[in-house]
Structure formats: C-alpha cells, structure tokens
Amino acid sequence: MHEYAIEMRGITKTFPGVIANDKVDLNVKNQEIHALLGENGAGKSTLMSILFGAYSADSGTILINGKEVEIKNPNVATALGIGMVHQHFKLVQNYTVTENIVLGMEPRRGQILDLKKARGEVAALSARYGLAVDPDAKIEDISVSQQQRVEILKTLYRSANIIIFDEPTAVLTPQEIDELIEIIIKLKDEGKTIVLITHKLREIKAVADRCTVLRRGKYIGTVEVADISEGDLAEMMVGRTVRFEIDKPGQEPGDVVLKLENVSVKDHLGLEKVSNLTLDVHSGEIVGIAGVDGNGQSELLGAITGLLPLSGGEIYIDDRPIGNLTIRERIEAGLGYTPEDRQRYGLVADFTIAENAVLKNYYDPRYTGRFGILNNQAMHDEAEALIEQFDIRAGEGSHTKAGSLSGGNQQKVIVAREISLKPKVLIVAQPTRGLDVGAIEYIRKRIIEERSRGQAILLVSFELDEIMNLCDRIATISKGTIVAVNRSDEVTERDIGMMMAGSQAKESV
Amino acid sequence: MKKKDAWIQSDGAVSVLVVLLGFLVGTILVALVGKNPLNMYKAILQALSGYNIDNGKMNVRYIGETLNYSVPFILCGLSMGFANRVGLFNIGGEGQYIMGMTVAQIIALLGPQIPVLHWLLALLGAMLIGAIWGGVVGILKAKYEVSEVVSTIMLNYVALYLSRIICLQLPGATTYRTATYPETALITNAFFQKITKNSLLNNGIFFMILAVMAFWFIMEKTSLGYGMRATGFNKEAARASGIPVVRSISISMAISGIFAGLAGGIIALGSFKYGRVIAGMDNYGFDGIAVALVGNSTALGTTLAGMLFGLLKNAQALMQAKQIPKEITFIIQGLIVIFIALRSALRIYKEYLDKRRLQREVGL
Amino acid sequence: MMILNMLPSVLMIVAPILITAIGGMVSEKSGVVNIALEGLMMIGAMSAAAAHVLVEASGMNHTLSLVLAMVIGTGIGGLFSLLHAVAAINLNADQTISGTGINLLASGVTIFASQILFNADRTKEFRMGMQTDALGFYPTAYIALIVVLLSWFVLYKLPFGMHLRACGEHPGAAESVGINVKRIRYIAVLASGMLAGLAGGCVVLTQTIQYTSNTINGRGFIALAAVSFGRWRPAGVAGAALLFGTAQAFAIIANNIPALRVLPTEVFNILPYVVTLIALVLFSGKNYAPAAAGKPYEKGAS
C-alpha cells in the first residue's frame, strides 16, 4: 500500500468574489487520522468538496494511493473509496434510515426496488461497526447524533476507505463527542483513513495524528499533533496571538427584568418542545442557556419573541406579562433580540444599512412624520452614527445594501440596532456563529460592555466555552426543561455536558 | 464594479433587452409563416404616430387611441406590480377588472343622475369592489397560506360568470348588452375628442396618472410602503421585527385590486356607451402581468411598459388588415415574460465573468 | 341509480384534469413547480384538434386518426414544456414567472397557428371525435386510470421513482449519492408537459368539436389545485381530480334533476371554481409539499 492515501498538490478554486483555495497542498498518510484546521472561510470545506467530487478544482492534481485521478463527481469519488460525512447532513427527511443509506445504489429484484434486502444489509453493517440505528425509523424522527451515524453508514455501505468528517462535533453533546471519537478510532483500527475538518483545537489534540492548517485559502503548514500546543495551533490558524480568556469584571446583578414562569411551547407540528420552564434574568448579568441544538432552545426563543405562541405559563418583562402581546408590542415593551439565523430573521438583504437600522422602529415619529411619510434623512443619520460607533465596514456607508456586507459586519449591524433601541432585556442567540476571530472578539467584548452598563442579557449558544466565558449564571437545558442553574464559577464543562445529556442535576443556585 | 458590469446589473437595461428579443423572435416567426414582418412594423408605426407610411397620410386619432389603450394596461400593470413588491404573484387582475367593470355598470344604470357625482360614484364603486376582490386573496394567502396563484385564477372565473349573472338582470339587458347609460355616467372628454379626431381618449387618463403617482408615493415614501417592501424582500425578517405581515399583505392585495378595478370602471364608462354582458375576458388583467414584469414593478417602468403594450394593441387591427394574425402580439408578450424569467441567466453570466477575472488574478 | 348513469359523463370531464394533475404532481415531486399546465393543455388540445381535422379529411381510418392526433398533442405539449425545463432547471429562472410566460405564449401560439392553418381564430370543426365504448365510457377514462396506476408504480416501486422523490425533497442529498438531479427534473417536466398535452387532446376530442380560446378555460389550474389538495400522492390527487371534475360535470348532472334546471347555466359554470377555492382554503396542506419544490437547485449549495 502506498504511504500516502491522498495527495492534493497545488489545488486552486475560485468562486464569484473569492479565492477559496490558493495553491493548497494536502498529504494524508494511509490509516492516519489527519485534521484539517482553519477558521470559518479558510477553505477547508471547499478543499474537501473538491476531493469528494462536489466541485472541480480550477487547477492542481490529486493522487489517490499514488495514482493521479480526476474526480468529476461524487460517483467517481465513491468508486475511489472516498466517503464524506457532511456538516449539514444530506439526508432526505421523510425517507427511512435504510432508504437514505441505499439511495443511489438500491438493491433490486429485477427492475423493482428490494427494500427488504436493503434493510438486511443495513442491519448487518450497523452491527459490524457498532453504529446502532433503527433501519425503519424516518430521519425526521431520530436524534442528531443518530442521523450522523446514518451519514457514516452511507459511506461504509459504499465501501469507503477514506472517510472525511466535516465539522462533525458542532451538533453533539460532550458525551456524544466522546462516542464519536471512539467511533473514529475504531474506524482507523479497521483500516480506514480519516480526514477530520474542524476548528476545535481540543478535539484535534484528542484524536488526530497530524494536522494541516489553512488560513484565508492558503496552505500554512502541516504538524505532528503530539508535538504542538493548542495555543500554537490557534496562532497558525489565525496568524497572531489569540487570547482565549475574556476580561469580565465582577458585578452584582440588579432586579429581575425577564421572568419565564412554567413556560411551555409547542412547535408548529404540535409537539411540546419546552415544558414548564422557569428562569429569570437580572439587570447587569448574563444568563446563558447551555444545551445541544434541538432541546427546545429555538422554540423557547420563538415563544419569548412572539414568533411562536405560548402553550402554557407566562413571560414577564419588568413584571408585565407579554405572552399575549404581538411581536411589535413586545419590542416596544423592551425586548431586544439578535437572532441565530441573521440572514433569515435579522436583516433584509436588499435594504440598505439605514433601512435595516430602523427595521423595528421605522414608524416612530423620529422616522415617520405626519400622514405616514418617511423621513429618509433621519434614518441615514441614525445609521451613520451606528456605523461609527460599532466600527462597521461598509463600502457606501449607510447606503450599502446589507446583503453585501461580510458576516461579521452584518452581525454588527444587528447588534448595533438592538443596543440602540435600549431594550430592557437583550437576547442573543448564537451571536458569534460563522464569524471570523476578529468579529467574534468584538461581539463578545461588546456583550460584556453592555452587561457593565446594567443590561440584562440572555445568551443562547451551542459553544460551551463561549457560555463558560461570558455568562454569570448558566442554565442547562435538556429536552425542553432546565436541568439546573449554576453559577459559572461553580461548575465545570464536564458537569454541564452531563446535564445536557440529561444526567443528574448539580444544583448550586 | 466595471462600467460594463454595472450595465448588465441595471434592471432597465434588462427590460429593454428583453423587449427587443421578444420582438426579434416575433419578427422571425412572422417571416417563417410567410408573411412580411415589415407590415408588422408599419402597423406599429401608424399606431404610434398616426402616420401611414403606405399612403403618407396622418391621422391623429391613432395617437389618441394608443394613449387610451395604455390606460388599462398601465393600471393592470400597477395592480400586478404593487402586489409583486410585497412578494405576491397577483394574476387576479382580470377578475378584479371584471368586478370593477360590473359595479361601474350597475351604478351607471341605477345610480343618481347627477353630473360628475354619477361617474365619480361609479368609479369609486369599481375601486371598492376591486379592493375587496383583491383583499380576499391577500387574506387567504396571509392567514391560510393558500397559493395566490391558484386562488386568483379561480376568482377570475368566478368574476366572469358572476358578472354575467348580475348584468343579465340589469335594465334593458339582452344577451350581450344592457340599456344605454345616462349622459351623466360617461367619462368622455369633449376636448380630447376634438383634438384627437374622435378617439376614445377620455377622463380616465387623469385617474391613471393619479394612480401612478399614488403607487410611487405609497411604496417609496410612506411607512406603509416600507413595511410592504420589507415583507416582499424578506417576510420572515419583517415578521421577526414586528412588522404586521398579514396586514401588509392583505392591504397590498386590496390596493392592487383597486388599480385593476379602476381599470375596469374606466373601460366601462369611457370606451362604451352601454353596459356589456361579457362572454369572455378582455385580457387586460393578464396583459398586466407582462407589463409589470417588463416594468420591474416600479411606477415609471410600468408606465412605460404599459404604453408599449397599448401601442401594440392599437396596432393589432392594423396588422390584421395586413394579413398578420393579431395573436402575434400575445406571442411577443409571452416571450417577453419568459425572457424576463431568465433574468437570472444574466446573473449567472456575470458570475462567470467574475470568476474568470479572479482566475486571471491568481495567475491561471 | 341516476348517479351511476352520470358516471361516464363525469369521468369524461375528470379524465383530462386527472391526467394533467398527475403530470403536475410528478413535476413538483421532482422539485419543479409547473404552472404552465394550462398553456400546455391548450397547446395539446389545439395540436390534436388540428391534426385530427386534417387527417380526417385525408380519409384515413378514424381510429388511427384519433391516435395520431393524441400522439401529436402529447408530443407538442412535451416540446413546449422543454422551454420551462430549460428556464427552470438550467437557468434557475423564477418558476412562477416562466410558467406564466408559457401560458401567455400558448394562448397566442394556439390562435396564431389556427389563423395560419385555418384562417380563423379557431380550428376547423372535425366531423367525429372519440366514441364511447359498450359501457358508455370514453377511452380517456381508461387512459387516466392507467396513468394514475403507472405513476404510483414508477414513483414508489422503481429506483427511478425513489431518486425522483429525493430530488424534490433534498436535491443536495440526491446529488451527493451520484443522482443527476438536473436530468431527472428534465424528465419530470417533460412528462408533465406530455401528460398535459395528452389531456388537452382528451378534452377537445371528447367534449367538443374544435379548439377555441375557451376550450381549456382554467382546467390546467384546477389540475394544479388538485395536486395541492391531493397532497402530492397519486391516490389523493385522483380523489381531488374526481371532486373537482364532478363539480364541473354538475351542469350535466343538474340537467337530470328537475329542481335544479331552473337555475341559470352560469351558476353551474361557477361551481367548479368555487369548490376548488373552498377546498384549498379548508384543506391547504403546504406542509405536504415536496420540501425543495420551486427552489432552483444550485450545485454545491449545502
């Protein structure tokens, strides 16, 4: 067997407006676990998509086991033994586990589908590799980590020898991450070669043999993981020294501003996703909701903001019940919100920064005169002030269309807008998702600043270290209820991880 | 952005390109079936300027007729365009037009015969019923997620037959017309008639101009329009920001219906001296779709596009006289709409240009 | 008993709507919304009528002439649907606009062609259309039944069908396992065009004697509503088409019920459209639509 399973030489790939890969090299040895590290937008996913045949490189060569190949489409990649476990699972929601695994390679009896045979094959495969799944369950009904196992089985069904994992731990609890690491090691023992795309330094240290670092589309270097520290890896990834800790001055919280009392919420299919949830947030404190995606956070936020109705309990802002108020009334009652999906819920891409800045209060006398006539000048003035205050990079100032801003600047616009409305309570959901390190630092710094000014803040995040670093108190959510609320200095990540998965609560507050 | 790229981005340029393409294909088609395309253009020229190339005579009446035909096209274009800005595909202009026409006819025959008040009431009635006929669609969409594409088509046919049922009950009704209107119900304009040699150009054109201005003003200058535009661009963000989306959609469909209803009323009282018991659709509502798309759902664009379509319609009879089937104009319109749908093809082309430029930068 | 006697007439009206609706369902299940069904029916109807009257005049065997006419209607319907396919699939066009454009185009092309061929704004009347069989049913009823059964079989029993449905639910997933999403969508749109064309031929050859601009009169849109009302499944769509077709056939049914004969015809004309509207309001199931229907698929989008 050739020493190197994969050799990518001089790979270049451009998209409209960006050079995703700029003469990148990658060498992966046979039967090693090789990590591909880089920030959001560094080009890791693009490189692997080229390997998997989803894209064609503009130039460069690829060798598999020493032989030069051209990977025109996923079929060719599959034939070469390459399989990909995608970050955003490519599973058909209303098909069963079996149907998803065999899709495209279905066993047949003559011309007709033989799903019974498929089921048998899937069960056998699942047993052999220790990846427990229910072959007849529909994807929309199973958990995220189970769905990931289906993705893995898809590659194994196609006899993959090289398996690429794209950001596999983003959606898992700490326990599930441990399980996944065990699975990956087992696959390596079975003779597979693993490429792990990630930006999580801790996991690289836990499982990878070697690591290649990309930055802004360029190849930076390859290192032996055992010989390098997390700090040095971070520096390679970002290009400068990175501070992990944030300065958070001690502070006494004030009165209760937001109160959730026995809140229950059903999703739009009628299933109860939040059950009897009680929590409060004081002024001058940051309360975090820690939990794995899918445990009711979205529904809870929906109920607080007004996008979903309350099916039980009540929500108070400054002792005023808001459960029956419209979305606009809640905003007027002092609710600020930076949504998780900023492009879908936070901004109108075709509007200018000025128009986005007043999205929640454009009807205020400051911006709308008599007879409902808009005061465009006032909007632009307000936007220009925010642009300066929040250091927003916009080519045409307040006339820039929001859609043309970078992710970080879009988030700044949203945060700026919410803060400028001086809400009684500010809710931030996944505030640093998908941003580059510079923007992440800025947003987190800003959140702490607002806390110092007495702002009550509710933070929902899937990044545990973000929660640990920023929050005063942490409420762990699992299956729609709060398992426990702890002071951040009295609990460890391990403890929270166990609570996320539903084990014993460890109360401190 | 380089100047060449900016040009491709401009929506106005796209519209012009698309219209020219439509005409090109239409011309080829006419030639292919053995007719002389030149006749088509002669007819268009005559409709536009009144000048008949073949015999060198000038008849101002054609100019008046072109302007008059533009009125319902522009109004129906405004109707579709207004809804489009809120993200709806309102192809119910036809039904709203028919209901507007019907109510105008009713008030014309049964209303108070007081000068000015009579036709004013009739037109207002037309606008009101248009608002209702359109508003219903908006509510169905906003509250019950019923596709407006299907519901408007259904309401078009309902309007057609309902109009027949009602008009057959009006005074003096036969199978195709009612009694003649009283003088006070008409919106004819003697001055126009004099200067355009008895074309049908009437007071309706003033209402149309007011409508165009209202469209622009509401959409661009009011908080109501702001909310509508936000809803049209990104309904979820609008909703999450507290903008009353259901209300915006319903109101915009109602306003959309007002424009189309007004068109029906103007045609009823301006182009005819009696009520009609219609057997089929006038098609202004459907043509309004193409007008709005070419005009990119803006006030100015729709006006220009509407005038173009008015011109084409006026040229139809002239074309038919020169043995060119008048349906060629429908074909051209259909092609224009399809080409508009391909606007995104231009975006793909632009992305291809960007990519080549980047590749050059990287040294490939 | 009287109702049973109505059955052949009802089926005559239901059949074309059902055939078109199945085509629309197949297209949407692959991810392409095809609102051009109305225009495609018009094209099919006009082509079939024109073909039949011309071939009939040449003295060919009557049945052969009908078959030829239907084949031509089907083929030309398919041909026109390619326009929508290219626009929606290759060029990522707005599918609603492109579909509307085809409807406008069809309304023009059909009459234009009539003008060229027959010097009138309608096709020339043919002498004899389709005949009913011993039971009183038109062949179109059987054709419709076959189409429904065939669609169910292909969609749920063949690998091709499984691939097609995946394209409409999650084209990214399909592409990642090597399914050619564009090719499958092309086939689906083509099928919907051919079925609409076939259905148009059925309308004109069983219900009237020539093609005019009023022949199709919204049936294509009623078929579209049937797809949604039938929740994108063959059995549901068949039921919906039956409901809407019955409403349309009511004019005939009412003729046999003395109490209803006094109402003006227009009341019955309105009925199918009102019924469709009410059905949509009461039973609108947007949740059942294929998840990716109507969205252009860009390769590499995750």
# chains A, B, ... in the order shown; residues from 1 in each chain; ligands from 1
>>> interface_residues(of="chain A", to="chain C", cutoff="8 Å", atoms="only C-alpha atoms", output="PyMOL selection string")
chain A and resi 54-55+73-75+88-93+103-104+106+111-113
>>> write_last_selection(atoms="N, CA and C atoms", output="PDB file, in the first residue's frame")
ATOM      1  N   ALA A  54     -17.694  17.159  -5.353  1.00  0.00           N
ATOM      2  CA  ALA A  54     -18.820  18.094  -5.428  1.00  0.00           C
ATOM      3  C   ALA A  54     -18.446  19.302  -6.280  1.00  0.00           C
ATOM      4  N   TYR A  55     -17.184  19.675  -6.240  1.00  0.00           N
ATOM      5  CA  TYR A  55     -16.692  20.757  -7.100  1.00  0.00           C
ATOM      6  C   TYR A  55     -15.519  20.241  -7.918  1.00  0.00           C
ATOM      7  N   ASN A  73     -17.175  13.883 -10.146  1.00  0.00           N
ATOM      8  CA  ASN A  73     -18.447  13.931  -9.421  1.00  0.00           C
ATOM      9  C   ASN A  73     -18.399  12.929  -8.272  1.00  0.00           C
ATOM     10  N   PRO A  74     -19.375  13.011  -7.365  1.00  0.00           N
ATOM     11  CA  PRO A  74     -19.334  12.120  -6.202  1.00  0.00           C
ATOM     12  C   PRO A  74     -19.272  10.634  -6.570  1.00  0.00           C
ATOM     13  N   ASN A  75     -19.822  10.279  -7.723  1.00  0.00           N
ATOM     14  CA  ASN A  75     -19.755   8.862  -8.115  1.00  0.00           C
ATOM     15  C   ASN A  75     -18.319   8.392  -8.274  1.00  0.00           C
ATOM     16  N   HIS A  88     -23.670  19.626   7.202  1.00  0.00           N
ATOM     17  CA  HIS A  88     -25.137  19.711   7.148  1.00  0.00           C
ATOM     18  C   HIS A  88     -25.583  18.439   6.458  1.00  0.00           C
ATOM     19  N   PHE A  89     -26.132  17.538   7.242  1.00  0.00           N
ATOM     20  CA  PHE A  89     -26.406  16.193   6.734  1.00  0.00           C
ATOM     21  C   PHE A  89     -27.190  16.216   5.439  1.00  0.00           C
ATOM     22  N   LYS A  90     -26.780  15.349   4.515  1.00  0.00           N
ATOM     23  CA  LYS A  90     -27.502  15.254   3.258  1.00  0.00           C
ATOM     24  C   LYS A  90     -28.421  14.050   3.343  1.00  0.00           C
ATOM     25  N   LEU A  91     -29.460  14.227   4.140  1.00  0.00           N
ATOM     26  CA  LEU A  91     -30.405  13.139   4.345  1.00  0.00           C
ATOM     27  C   LEU A  91     -31.798  13.616   3.980  1.00  0.00           C
ATOM     28  N   VAL A  92     -32.561  12.754   3.317  1.00  0.00           N
ATOM     29  CA  VAL A  92     -33.929  13.087   2.963  1.00  0.00           C
ATOM     30  C   VAL A  92     -34.800  12.855   4.191  1.00  0.00           C
ATOM     31  N   GLN A  93     -35.421  13.940   4.671  1.00  0.00           N
ATOM     32  CA  GLN A  93     -36.097  13.904   5.957  1.00  0.00           C
ATOM     33  C   GLN A  93     -37.188  12.856   6.076  1.00  0.00           C
ATOM     34  N   LEU A 103     -29.815   4.904  -0.999  1.00  0.00           N
ATOM     35  CA  LEU A 103     -30.220   5.776  -2.099  1.00  0.00           C
ATOM     36  C   LEU A 103     -29.129   5.874  -3.152  1.00  0.00           C
ATOM     37  N   GLY A 104     -29.474   5.589  -4.390  1.00  0.00           N
ATOM     38  CA  GLY A 104     -28.496   5.682  -5.460  1.00  0.00           C
ATOM     39  C   GLY A 104     -27.827   4.350  -5.752  1.00  0.00           C
ATOM     40  N   GLU A 106     -29.542   1.185  -4.840  1.00  0.00           N
ATOM     41  CA  GLU A 106     -30.551   0.327  -4.218  1.00  0.00           C
ATOM     42  C   GLU A 106     -30.459  -1.110  -4.713  1.00  0.00           C
ATOM     43  N   GLN A 111     -36.206  -5.188 -11.924  1.00  0.00           N
ATOM     44  CA  GLN A 111     -36.214  -3.751 -12.037  1.00  0.00           C
ATOM     45  C   GLN A 111     -36.744  -3.083 -10.767  1.00  0.00           C
ATOM     46  N   ILE A 112     -37.356  -3.891  -9.902  1.00  0.00           N
ATOM     47  CA  ILE A 112     -38.117  -3.320  -8.793  1.00  0.00           C
ATOM     48  C   ILE A 112     -37.257  -3.196  -7.536  1.00  0.00           C
ATOM     49  N   LEU A 113     -37.517  -2.156  -6.761  1.00  0.00           N
ATOM     50  CA  LEU A 113     -36.793  -1.923  -5.513  1.00  0.00           C
ATOM     51  C   LEU A 113     -36.938  -3.108  -4.574  1.00  0.00           C
TER      52      LEU A 113
END
>>> closest_atom_pairs(of="chain B", to="chain C", cutoff="7 Å", atoms="only C-alpha atoms", output="tab-separated table")
residue	atom	partner	partner_atom	distance
B:Tyr144	CA	C:Val281	CA	6.6
B:Val146	CA	C:Val281	CA	6.3
B:Val150	CA	C:Phe221	CA	6.4
B:Ser151	CA	C:Leu277	CA	6.2
B:Met154	CA	C:Tyr273	CA	5.1
B:Tyr157	CA	C:Tyr273	CA	6.9
B:Val158	CA	C:Ile270	CA	5.5
B:Tyr161	CA	C:Glu266	CA	5.6
B:Ile165	CA	C:Glu266	CA	6.6
B:Pro325	CA	C:Phe112	CA	6.1
B:Glu327	CA	C:Gly108	CA	5.1
B:Ile328	CA	C:Gly108	CA	6.6
B:Phe330	CA	C:Gly108	CA	4.7
B:Ile331	CA	C:Leu105	CA	4.8
B:Gly334	CA	C:Leu105	CA	4.1
B:Leu335	CA	C:Leu105	CA	6.3
B:Val337	CA	C:Gly101	CA	4.7
B:Ile338	CA	C:Gly101	CA	4.8
B:Ala341	CA	C:Ala93	CA	5.1
B:Leu342	CA	C:Ala93	CA	5.1
B:Ser344	CA	C:Ala93	CA	5.9
B:Ala345	CA	C:Leu91	CA	5.2
>>> interface_residues(of="chain A", to="chain B", cutoff="10 Å", atoms="only C-alpha atoms", output="VMD selection string")
chain A and resid 12 to 19 22 to 23 58 to 59 302 305 to 307 326 to 332 336 to 337 339 341 to 351 355 to 356 358 to 364 367 to 376
>>> closest_residue(among="B:Phe191, B:Tyr51, B:Phe259, B:Phe207", to="B:Gly92", atoms="only C-alpha atoms")
B:Phe259
>>> select_by_dssp(residues="stretch 20-205 of chain C", states="helix (DSSP H, G or I)", output="ChimeraX atom specification")
/C:20-30,37-57,62-90,95-118,139-157,159-169,171-176,181-205
>>> residues_around(residues="stretch 63-67 of chain A", least_positions_apart="6", cutoff="8 Å", atoms="only C-alpha atoms", output="ChimeraX atom specification")
/A:1-8,80
>>> select_by_dssp(residues="stretch 132-355 of chain B", states="strand (DSSP E or B)", output="list in words")
Arg177, Thr178, Ala179, Thr180, Thr188, Asn202, Thr222, Tyr274, Gly275 and Arg276 of chain B
>>> closest_residue(among="B:Ile44, B:Ile249, B:Leu269, B:Ala104", to="B:Gly87", atoms="only C-alpha atoms")
B:Ile249
>>> atom_distance(atom1="atom CA of B:Leu110", atom2="atom CA of B:Ala122")
10.0 Å
>>> decode(residues="stretch 114-214 of chain B", atoms="C-alpha atoms", output="PDB file, in the first residue's frame")
ATOM      1  CA  ILE B 114     -76.192  63.986 -11.010  1.00  0.00           C
ATOM      2  CA  PRO B 115     -73.385  65.358 -13.182  1.00  0.00           C
ATOM      3  CA  VAL B 116     -69.860  64.438 -12.082  1.00  0.00           C
ATOM      4  CA  LEU B 117     -71.123  62.723  -8.955  1.00  0.00           C
ATOM      5  CA  HIS B 118     -72.585  59.940 -11.060  1.00  0.00           C
ATOM      6  CA  TRP B 119     -69.462  58.742 -12.753  1.00  0.00           C
ATOM      7  CA  LEU B 120     -67.343  59.532  -9.717  1.00  0.00           C
ATOM      8  CA  LEU B 121     -69.514  57.240  -7.637  1.00  0.00           C
ATOM      9  CA  ALA B 122     -69.304  54.583 -10.330  1.00  0.00           C
ATOM     10  CA  LEU B 123     -65.509  54.712 -10.405  1.00  0.00           C
ATOM     11  CA  LEU B 124     -65.262  54.703  -6.629  1.00  0.00           C
ATOM     12  CA  GLY B 125     -67.546  51.697  -6.546  1.00  0.00           C
ATOM     13  CA  ALA B 126     -65.311  49.977  -9.068  1.00  0.00           C
ATOM     14  CA  MET B 127     -62.284  50.690  -6.897  1.00  0.00           C
ATOM     15  CA  LEU B 128     -64.047  49.424  -3.800  1.00  0.00           C
ATOM     16  CA  ILE B 129     -65.095  46.113  -5.290  1.00  0.00           C
ATOM     17  CA  GLY B 130     -61.584  45.736  -6.693  1.00  0.00           C
ATOM     18  CA  ALA B 131     -60.205  46.232  -3.197  1.00  0.00           C
ATOM     19  CA  ILE B 132     -62.496  43.536  -1.842  1.00  0.00           C
ATOM     20  CA  TRP B 133     -61.820  41.087  -4.671  1.00  0.00           C
ATOM     21  CA  GLY B 134     -58.091  41.548  -4.176  1.00  0.00           C
ATOM     22  CA  GLY B 135     -58.144  41.803  -0.410  1.00  0.00           C
ATOM     23  CA  VAL B 136     -59.792  38.387  -0.120  1.00  0.00           C
ATOM     24  CA  VAL B 137     -56.846  36.828  -1.932  1.00  0.00           C
ATOM     25  CA  GLY B 138     -54.430  38.598   0.399  1.00  0.00           C
ATOM     26  CA  ILE B 139     -56.193  37.342   3.493  1.00  0.00           C
ATOM     27  CA  LEU B 140     -56.374  33.797   2.151  1.00  0.00           C
ATOM     28  CA  LYS B 141     -52.647  33.890   1.496  1.00  0.00           C
ATOM     29  CA  ALA B 142     -51.567  35.582   4.708  1.00  0.00           C
ATOM     30  CA  LYS B 143     -53.762  33.621   7.081  1.00  0.00           C
ATOM     31  CA  TYR B 144     -54.307  30.292   5.371  1.00  0.00           C
ATOM     32  CA  GLU B 145     -51.231  30.028   3.146  1.00  0.00           C
ATOM     33  CA  VAL B 146     -53.479  29.487   0.119  1.00  0.00           C
ATOM     34  CA  SER B 147     -51.390  29.989  -3.006  1.00  0.00           C
ATOM     35  CA  GLU B 148     -52.422  33.249  -4.602  1.00  0.00           C
ATOM     36  CA  VAL B 149     -51.532  31.821  -7.975  1.00  0.00           C
ATOM     37  CA  VAL B 150     -54.420  29.386  -7.845  1.00  0.00           C
ATOM     38  CA  SER B 151     -56.913  31.404  -5.813  1.00  0.00           C
ATOM     39  CA  THR B 152     -56.696  34.389  -8.150  1.00  0.00           C
ATOM     40  CA  ILE B 153     -57.317  32.238 -11.206  1.00  0.00           C
ATOM     41  CA  MET B 154     -60.361  30.733  -9.566  1.00  0.00           C
ATOM     42  CA  LEU B 155     -61.673  34.161  -8.650  1.00  0.00           C
ATOM     43  CA  ASN B 156     -61.138  35.312 -12.213  1.00  0.00           C
ATOM     44  CA  TYR B 157     -63.565  32.722 -13.490  1.00  0.00           C
ATOM     45  CA  VAL B 158     -65.963  33.329 -10.628  1.00  0.00           C
ATOM     46  CA  ALA B 159     -65.948  37.010 -11.538  1.00  0.00           C
ATOM     47  CA  LEU B 160     -66.633  36.247 -15.172  1.00  0.00           C
ATOM     48  CA  TYR B 161     -69.739  34.208 -14.518  1.00  0.00           C
ATOM     49  CA  LEU B 162     -70.895  36.343 -11.632  1.00  0.00           C
ATOM     50  CA  SER B 163     -70.706  39.364 -13.914  1.00  0.00           C
ATOM     51  CA  ARG B 164     -72.913  37.623 -16.421  1.00  0.00           C
ATOM     52  CA  ILE B 165     -75.444  36.626 -13.811  1.00  0.00           C
ATOM     53  CA  ILE B 166     -75.635  40.172 -12.467  1.00  0.00           C
ATOM     54  CA  CYS B 167     -75.585  42.033 -15.754  1.00  0.00           C
ATOM     55  CA  LEU B 168     -78.310  39.866 -17.250  1.00  0.00           C
ATOM     56  CA  GLN B 169     -80.535  41.304 -14.526  1.00  0.00           C
ATOM     57  CA  LEU B 170     -79.733  44.929 -15.338  1.00  0.00           C
ATOM     58  CA  PRO B 171     -82.270  47.195 -17.095  1.00  0.00           C
ATOM     59  CA  GLY B 172     -82.671  46.512 -20.774  1.00  0.00           C
ATOM     60  CA  ALA B 173     -80.351  43.531 -20.756  1.00  0.00           C
ATOM     61  CA  THR B 174     -80.009  41.321 -23.804  1.00  0.00           C
ATOM     62  CA  THR B 175     -77.507  38.502 -24.275  1.00  0.00           C
ATOM     63  CA  TYR B 176     -74.660  40.891 -24.875  1.00  0.00           C
ATOM     64  CA  ARG B 177     -75.560  44.393 -23.650  1.00  0.00           C
ATOM     65  CA  THR B 178     -77.693  46.456 -21.332  1.00  0.00           C
ATOM     66  CA  ALA B 179     -79.603  49.668 -21.836  1.00  0.00           C
ATOM     67  CA  THR B 180     -77.644  52.790 -22.787  1.00  0.00           C
ATOM     68  CA  TYR B 181     -76.091  54.791 -19.947  1.00  0.00           C
ATOM     69  CA  PRO B 182     -77.448  58.168 -18.943  1.00  0.00           C
ATOM     70  CA  GLU B 183     -75.150  61.016 -20.058  1.00  0.00           C
ATOM     71  CA  THR B 184     -74.082  61.754 -16.501  1.00  0.00           C
ATOM     72  CA  ALA B 185     -72.392  58.382 -16.164  1.00  0.00           C
ATOM     73  CA  LEU B 186     -69.955  58.792 -19.020  1.00  0.00           C
ATOM     74  CA  ILE B 187     -66.381  59.947 -18.610  1.00  0.00           C
ATOM     75  CA  THR B 188     -65.917  61.163 -22.148  1.00  0.00           C
ATOM     76  CA  ASN B 189     -63.925  64.312 -22.591  1.00  0.00           C
ATOM     77  CA  ALA B 190     -65.067  66.649 -25.379  1.00  0.00           C
ATOM     78  CA  PHE B 191     -61.734  68.421 -25.591  1.00  0.00           C
ATOM     79  CA  PHE B 192     -59.826  65.201 -26.154  1.00  0.00           C
ATOM     80  CA  GLN B 193     -62.344  64.121 -28.724  1.00  0.00           C
ATOM     81  CA  LYS B 194     -61.798  67.309 -30.631  1.00  0.00           C
ATOM     82  CA  ILE B 195     -58.019  67.216 -30.728  1.00  0.00           C
ATOM     83  CA  THR B 196     -57.704  63.513 -31.446  1.00  0.00           C
ATOM     84  CA  LYS B 197     -60.366  63.350 -34.087  1.00  0.00           C
ATOM     85  CA  ASN B 198     -62.858  61.345 -32.050  1.00  0.00           C
ATOM     86  CA  SER B 199     -60.613  58.767 -30.472  1.00  0.00           C
ATOM     87  CA  LEU B 200     -61.930  57.239 -27.283  1.00  0.00           C
ATOM     88  CA  LEU B 201     -59.390  59.067 -25.071  1.00  0.00           C
ATOM     89  CA  ASN B 202     -61.287  60.188 -22.003  1.00  0.00           C
ATOM     90  CA  ASN B 203     -61.006  61.413 -18.419  1.00  0.00           C
ATOM     91  CA  GLY B 204     -59.776  58.015 -17.390  1.00  0.00           C
ATOM     92  CA  ILE B 205     -56.267  59.064 -18.242  1.00  0.00           C
ATOM     93  CA  PHE B 206     -56.264  61.583 -15.387  1.00  0.00           C
ATOM     94  CA  PHE B 207     -57.174  58.848 -12.942  1.00  0.00           C
ATOM     95  CA  MET B 208     -54.411  56.710 -14.358  1.00  0.00           C
ATOM     96  CA  ILE B 209     -51.853  59.456 -13.800  1.00  0.00           C
ATOM     97  CA  LEU B 210     -53.070  59.873 -10.240  1.00  0.00           C
ATOM     98  CA  ALA B 211     -52.777  56.113  -9.782  1.00  0.00           C
ATOM     99  CA  VAL B 212     -49.186  56.045 -10.986  1.00  0.00           C
ATOM    100  CA  MET B 213     -48.268  58.824  -8.590  1.00  0.00           C
ATOM    101  CA  ALA B 214     -50.096  57.115  -5.747  1.00  0.00           C
TER     102      ALA B 214
END
